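The next block is upload-v3.txt, given as compact mmCIF, C-alpha atoms and all ligand atoms.
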```txt
# COMPACT_ATOMS: atom_id res chain seq x y z
CA MET A 11 177.33 3.73 57.47
CA ILE A 12 175.96 7.14 58.41
CA ILE A 13 172.22 7.51 57.79
CA ILE A 14 171.38 11.08 56.70
CA LYS A 15 167.96 12.40 57.76
CA THR A 16 165.60 14.59 55.71
CA GLU A 17 164.12 17.76 57.18
CA GLU A 18 160.82 15.89 57.69
CA GLU A 19 162.60 13.11 59.57
CA ILE A 20 164.43 15.63 61.74
CA GLN A 21 161.04 17.21 62.56
CA LYS A 22 159.78 13.77 63.67
CA MET A 23 162.83 13.35 65.90
CA LYS A 24 162.20 16.85 67.28
CA LYS A 25 158.70 15.76 68.34
CA ALA A 26 160.22 12.83 70.28
CA GLY A 27 162.82 15.22 71.67
CA GLU A 28 160.19 17.67 72.91
CA ILE A 29 158.55 14.93 74.95
CA LEU A 30 161.94 13.91 76.34
CA ALA A 31 162.76 17.52 77.26
CA ASP A 32 159.41 17.77 79.04
CA VAL A 33 160.15 14.57 81.00
CA HIS A 34 163.42 16.05 82.25
CA LYS A 35 161.68 19.26 83.26
CA GLU A 36 159.14 17.18 85.24
CA ILE A 37 161.91 15.16 86.91
CA ALA A 38 163.59 18.41 87.97
CA LYS A 39 160.36 19.32 89.81
CA ILE A 40 159.96 16.03 91.72
CA ILE A 41 163.53 15.02 92.51
CA ARG A 42 164.38 15.44 96.22
CA PRO A 43 165.73 13.46 99.16
CA GLY A 44 163.29 10.60 99.91
CA ILE A 45 162.28 9.76 96.34
CA SER A 46 163.75 6.63 94.74
CA THR A 47 165.13 6.23 91.23
CA MET A 48 162.52 3.49 90.78
CA ASP A 49 159.82 6.09 91.57
CA ILE A 50 161.33 8.28 88.83
CA ASP A 51 161.46 5.32 86.42
CA ARG A 52 157.76 4.57 87.00
CA PHE A 53 156.93 8.26 86.58
CA VAL A 54 158.77 8.34 83.23
CA ASP A 55 157.04 5.20 81.97
CA ASP A 56 153.58 6.60 82.83
CA TYR A 57 154.37 10.06 81.46
CA LEU A 58 155.59 8.69 78.13
CA ALA A 59 152.52 6.47 77.79
CA LYS A 60 150.27 9.53 78.32
CA ARG A 61 152.11 11.33 75.52
CA GLY A 62 151.83 8.33 73.17
CA ALA A 63 155.55 7.58 73.30
CA ILE A 64 157.64 4.56 74.34
CA ALA A 65 160.75 4.17 76.49
CA ALA A 66 163.15 2.74 73.92
CA GLN A 67 165.69 1.48 76.46
CA LYS A 68 163.20 -1.08 77.85
CA GLY A 69 164.09 -4.41 76.29
CA TYR A 70 167.19 -3.02 74.58
CA HIS A 71 169.76 -5.85 74.81
CA GLY A 72 167.73 -7.17 77.75
CA TYR A 73 167.75 -3.87 79.68
CA LYS A 74 164.69 -3.85 81.98
CA TYR A 75 163.97 -0.20 82.74
CA ALA A 76 162.72 2.96 81.06
CA THR A 77 165.67 4.96 82.41
CA CYS A 78 169.25 4.55 83.49
CA ALA A 79 169.77 6.14 86.92
CA SER A 80 173.41 6.59 87.90
CA VAL A 81 174.07 7.87 91.43
CA ASN A 82 177.30 9.55 92.67
CA ASP A 83 180.24 7.36 91.53
CA GLU A 84 178.10 5.54 88.97
CA ILE A 85 179.03 6.82 85.51
CA CYS A 86 176.23 5.33 83.40
CA HIS A 87 173.80 2.40 83.04
CA GLY A 88 172.84 2.47 86.72
CA PHE A 89 169.67 0.44 87.41
CA PRO A 90 166.71 2.28 88.94
CA ARG A 91 166.18 0.96 92.51
CA GLU A 92 163.82 1.39 95.48
CA GLU A 93 166.56 2.78 97.76
CA LEU A 94 165.77 6.42 98.59
CA LEU A 95 167.94 9.25 97.30
CA LYS A 96 169.67 11.19 100.08
CA ASP A 97 170.47 14.84 100.61
CA GLY A 98 173.79 15.51 98.85
CA ASP A 99 173.48 12.84 96.13
CA ILE A 100 173.86 13.59 92.45
CA VAL A 101 172.03 11.40 89.95
CA THR A 102 172.07 11.14 86.17
CA ILE A 103 168.80 10.12 84.53
CA ASP A 104 169.29 8.91 80.93
CA MET A 105 166.57 7.78 78.56
CA VAL A 106 165.65 7.31 74.92
CA VAL A 107 162.14 8.25 73.75
CA ASP A 108 160.53 6.55 70.75
CA LEU A 109 157.68 8.45 69.10
CA ASP A 110 156.26 6.74 66.01
CA GLY A 111 159.55 4.95 65.40
CA TRP A 112 161.81 8.02 65.67
CA LEU A 113 164.16 8.33 68.63
CA ALA A 114 165.66 11.02 70.82
CA ASP A 115 168.25 10.49 73.57
CA SER A 116 169.04 12.79 76.50
CA ALA A 117 170.66 12.40 79.91
CA TRP A 118 170.63 14.97 82.69
CA SER A 119 172.41 15.15 86.04
CA TYR A 120 170.43 16.37 89.04
CA ALA A 121 171.38 17.60 92.49
CA VAL A 122 169.42 15.98 95.33
CA GLY A 123 168.93 18.57 98.08
CA ASP A 124 172.10 20.38 99.14
CA ILE A 125 175.24 19.15 97.40
CA THR A 126 178.93 19.94 98.01
CA GLU A 127 180.78 22.73 96.22
CA GLU A 128 182.79 20.09 94.37
CA ALA A 129 179.61 18.39 93.14
CA LYS A 130 178.16 21.75 92.06
CA LYS A 131 181.31 22.50 90.08
CA LEU A 132 181.18 19.04 88.47
CA LEU A 133 177.57 19.54 87.32
CA ASP A 134 178.35 23.03 86.05
CA ILE A 135 181.49 22.09 84.10
CA THR A 136 179.87 18.95 82.66
CA ARG A 137 176.78 20.86 81.44
CA LYS A 138 178.93 23.63 79.97
CA SER A 139 181.17 21.07 78.25
CA LEU A 140 178.10 19.70 76.45
CA TYR A 141 177.28 23.15 75.02
CA ILE A 142 180.92 23.74 74.08
CA GLY A 143 180.73 20.49 72.10
CA ILE A 144 177.40 21.47 70.53
CA GLU A 145 178.89 24.76 69.25
CA LYS A 146 181.31 22.70 67.15
CA ALA A 147 178.51 20.57 65.64
CA VAL A 148 178.39 22.56 62.40
CA ILE A 149 178.63 21.58 58.73
CA GLY A 150 182.27 21.25 57.64
CA ASN A 151 183.71 20.57 61.10
CA ARG A 152 184.85 17.08 62.04
CA ILE A 153 183.85 14.86 64.97
CA GLY A 154 187.32 15.47 66.47
CA ASP A 155 186.55 19.19 66.72
CA ILE A 156 183.67 18.38 69.08
CA SER A 157 185.76 15.84 71.02
CA ASN A 158 188.73 18.14 71.45
CA ALA A 159 186.74 21.18 72.55
CA ILE A 160 185.05 19.16 75.29
CA GLN A 161 188.28 17.53 76.48
CA LYS A 162 190.22 20.82 76.60
CA PHE A 163 187.51 22.59 78.59
CA VAL A 164 187.00 19.73 81.05
CA GLU A 165 190.68 19.06 81.72
CA SER A 166 191.49 22.76 82.11
CA ASN A 167 188.93 22.69 84.93
CA GLY A 168 190.69 19.77 86.64
CA PHE A 169 188.23 17.00 85.76
CA SER A 170 188.58 13.95 83.49
CA VAL A 171 186.70 12.65 80.43
CA VAL A 172 185.45 9.04 80.36
CA ARG A 173 186.95 7.16 77.38
CA ASP A 174 184.93 3.93 77.36
CA PHE A 175 181.56 5.42 76.39
CA VAL A 176 180.91 7.74 73.46
CA GLY A 177 178.11 9.60 71.72
CA HIS A 178 176.58 8.14 68.57
CA GLY A 179 174.44 8.64 65.53
CA ILE A 180 170.71 8.13 66.19
CA GLY A 181 167.50 7.94 64.14
CA LYS A 182 165.19 4.95 63.86
CA SER A 183 167.87 3.02 65.78
CA MET A 184 169.36 4.03 69.13
CA HIS A 185 172.96 3.57 68.04
CA GLU A 186 174.08 4.45 64.52
CA ASP A 187 177.38 5.64 63.06
CA PRO A 188 179.41 7.70 63.70
CA GLN A 189 180.86 7.33 67.19
CA VAL A 190 181.35 10.65 69.01
CA PRO A 191 184.19 10.49 71.58
CA HIS A 192 184.41 13.31 74.12
CA TYR A 193 188.22 13.41 73.92
CA GLY A 194 190.62 13.51 70.97
CA ASN A 195 192.29 15.62 68.34
CA PRO A 196 190.77 18.48 66.33
CA GLY A 197 190.49 18.08 62.55
CA ARG A 198 190.18 14.28 62.82
CA GLY A 199 187.34 11.87 62.21
CA VAL A 200 184.18 12.03 60.13
CA ARG A 201 183.26 15.37 58.52
CA LEU A 202 179.86 16.73 59.60
CA THR A 203 177.28 17.16 56.85
CA GLU A 204 173.70 18.42 56.71
CA GLY A 205 171.16 15.87 58.00
CA MET A 206 173.46 13.98 60.36
CA VAL A 207 171.92 13.44 63.80
CA ILE A 208 174.23 12.58 66.70
CA THR A 209 174.29 12.55 70.47
CA ILE A 210 176.88 14.46 72.46
CA GLU A 211 176.99 13.03 75.98
CA PRO A 212 180.15 13.76 77.97
CA MET A 213 180.60 11.64 81.12
CA ILE A 214 182.92 13.66 83.35
CA ASN A 215 184.70 12.49 86.52
CA VAL A 216 186.15 14.40 89.47
CA GLY A 217 189.07 11.93 89.67
CA THR A 218 190.33 9.26 87.30
CA PHE A 219 188.50 8.55 84.03
CA ARG A 220 189.09 4.84 84.65
CA LEU A 221 186.07 2.73 85.50
CA LYS A 222 184.89 -0.72 86.48
CA ILE A 223 181.71 -2.58 85.56
CA ASP A 224 179.47 -3.97 88.33
CA ASP A 225 178.56 -7.65 88.61
CA ASN A 226 175.24 -6.81 86.93
CA GLN A 227 177.35 -6.44 83.71
CA TRP A 228 175.82 -3.01 83.00
CA THR A 229 176.63 -0.35 85.56
CA ALA A 230 179.90 1.55 85.09
CA ARG A 231 181.37 3.32 88.12
CA THR A 232 184.53 5.30 88.75
CA LEU A 233 187.55 3.21 89.77
CA ASP A 234 188.42 5.66 92.57
CA GLY A 235 184.87 6.03 93.91
CA LYS A 236 184.77 9.77 93.15
CA LEU A 237 181.77 11.51 91.57
CA SER A 238 180.74 11.35 87.90
CA ALA A 239 178.17 13.42 85.97
CA GLN A 240 176.69 13.45 82.47
CA TYR A 241 174.63 15.73 80.27
CA GLU A 242 173.46 14.57 76.87
CA HIS A 243 171.55 16.11 73.99
CA THR A 244 170.54 14.78 70.59
CA ILE A 245 171.73 17.23 67.92
CA ALA A 246 170.84 17.59 64.23
CA ILE A 247 173.42 19.16 61.90
CA THR A 248 171.52 21.71 59.81
CA LYS A 249 172.16 24.61 57.42
CA ASP A 250 171.20 26.93 60.29
CA GLY A 251 173.68 25.32 62.70
CA PRO A 252 173.21 22.73 65.45
CA LEU A 253 169.54 22.01 66.20
CA ILE A 254 169.13 20.70 69.77
CA ILE A 255 166.45 18.02 69.34
CA THR A 256 166.09 17.55 73.13
CA ASP A 257 166.32 21.24 74.10
CA GLN A 258 164.73 22.07 77.47
CA GLY A 259 165.27 25.80 77.06
CA GLU A 260 167.61 25.53 80.05
CA GLU A 261 170.54 27.61 81.21
CA ARG A 262 173.58 27.03 78.97
N1 LIG B 1 170.96 6.38 76.42
C1 LIG B 1 172.08 5.49 76.33
C2 LIG B 1 173.03 5.99 75.27
O1 LIG B 1 173.38 7.12 75.31
C3 LIG B 1 171.71 4.07 76.11
C4 LIG B 1 171.59 3.34 77.37
S1 LIG B 1 171.83 1.66 77.18
C5 LIG B 1 170.32 0.96 77.50
O2 LIG B 1 173.46 5.32 74.38
F1 LIG B 1 170.39 -0.30 77.36
F2 LIG B 1 169.96 1.29 78.69
F3 LIG B 1 169.45 1.40 76.66
CO CO B 2 173.07 8.28 74.01
```
Written form, structure tokens:
Amino acid sequence: MIIIKTEEEIQKMKKAGEILADVHKEIAKIIRPGISTMDIDRFVDDYLAKRGAIAAQKGYHGYKYATCASVNDEICHGFPREELLKDGDIVTIDMVVDLDGWLADSAWSYAVGDITEEAKKLLDITRKSLYIGIEKAVIGNRIGDISNAIQKFVESNGFSVVRDFVGHGIGKSMHEDPQVPHYGNPGRGVRLTEGMVITIEPMINVGTFRLKIDDNQWTARTLDGKLSAQYEHTIAITKDGPLIITDQGEER
């Protein structure tokens, strides 16, 4: 069942999203070779507390951390760890912020120091694919229109779209209907209506889209060991078009 949000509820989610956007902007300032993803996780926890918000992922199905931190071939649900990030790494930091019971979800991939041309292209295409999907998040379109636009753009640039994880509705719960795949056919799936709030969160791989899950039962990594990146926004479907709840005012 899809839970439609009122304008007031969307404004509450926007407040959570503004804090989340600010966290990502702070991470961008501190991320460098020699910092650990556990340092970033502690920073996020403290920062959210100062803003009166909560890290919604902590305790979710037994998950222990404020953030997911997925390095290089890790696709998603990487555990923050004390190991230091190295020059040339890429890392995706994903989190859900809860402000007064309303949630916002956003993941961002970061370059650590100097990265390869291939890694730069991966980050660039993945971020652009998110905005290509967002453009399709308008009243009257269907979920498949978002999915297809992302898949076409990504594959025409030689990369692959992860199948096993999808975007989702979000509100007072982290995961609501509908599911939002980042691959598929246009004109298919649920029709978008005013007041729906969804995440769009393409996970894009340099090589195969196939993955394996680590022994920790959480972390997904590419089967071929090649790089993976992800950008995610929470989006409200409104009369005025897609409202990016977690907008950082960043380059599109
Ligand atoms: N932010 C993730 C999502 O997009 C949720 C991570 S799973 C968790 O759905 F357990 F870490 F919360
Ligand atoms: Co999400």
Task: Site check for ligand CO 2 (chain B): residues at most 6 Å away, all atoms listed in the file, as a ChimeraX atom specification - done: /A:115,177,209
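Take atom F2 of ligand LIG 1 (chain B) and CA of Lys131 (chain A): the distance between them is 26.6 Å.
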May I have a table of the residues of chain A lying at most 6 Å from ligand LIG 1 (chain B), giving each one's closest pair of atoms and their distance in Å to one decimal, counting all atoms listed in the file, ordered by chain and ascending residue number, as JSON lines?
```
{"residue": "A:Gln67", "atom": "CA", "partner": "B:LIG1", "partner_atom": "F3", "distance": 3.8}
{"residue": "A:Tyr70", "atom": "CA", "partner": "B:LIG1", "partner_atom": "F1", "distance": 5.0}
{"residue": "A:Tyr73", "atom": "CA", "partner": "B:LIG1", "partner_atom": "F1", "distance": 5.0}
{"residue": "A:Cys78", "atom": "CA", "partner": "B:LIG1", "partner_atom": "F2", "distance": 5.8}
{"residue": "A:His87", "atom": "CA", "partner": "B:LIG1", "partner_atom": "F2", "distance": 5.9}
{"residue": "A:Asp104", "atom": "CA", "partner": "B:LIG1", "partner_atom": "N1", "distance": 5.4}
{"residue": "A:Met105", "atom": "CA", "partner": "B:LIG1", "partner_atom": "N1", "distance": 5.1}
{"residue": "A:Val106", "atom": "CA", "partner": "B:LIG1", "partner_atom": "N1", "distance": 5.6}
{"residue": "A:Asp115", "atom": "CA", "partner": "B:LIG1", "partner_atom": "N1", "distance": 5.7}
```
- [ ] Choose the residue, out of A:Arg52, A:His178, A:Lys24, A:Arg42, that has the smallest atom-to-atom separation from Gly123 (chain A); count only C-alpha atoms.
- [x]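 So, comparing all the options, the nearest one is A:Arg42.
Shortest atom-to-atom contact with Ile214 (chain A) among A:Leu233, A:Ala239, A:Leu133, A:Ile100: A:Ala239, counting all atoms listed in the file.
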- [ ] Compare A:Ile20, A:Ala26, A:Ile14, A:Cys86 by their minimum atom-to-atom distance to Trp228 (chain A), counting only C-alpha atoms, and give me the closest one.
- [x] A:Cys86
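With distances taken over all atoms listed in the file, A:Glu242 is the one residue among A:Glu242, A:Asp234, A:Asp250, A:Asp51 lying closest to His192 (chain A).
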Open item on the list: From the options A:Gly44, A:Gly217, A:Pro196, A:Gly72, which residue's atoms come nearest to Val171 (chain A), counting all atoms listed in the file?
Closed with: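 Once distances to Val171 (chain A) are computed over all atoms listed in the file, the minimum belongs to A:Gly217.
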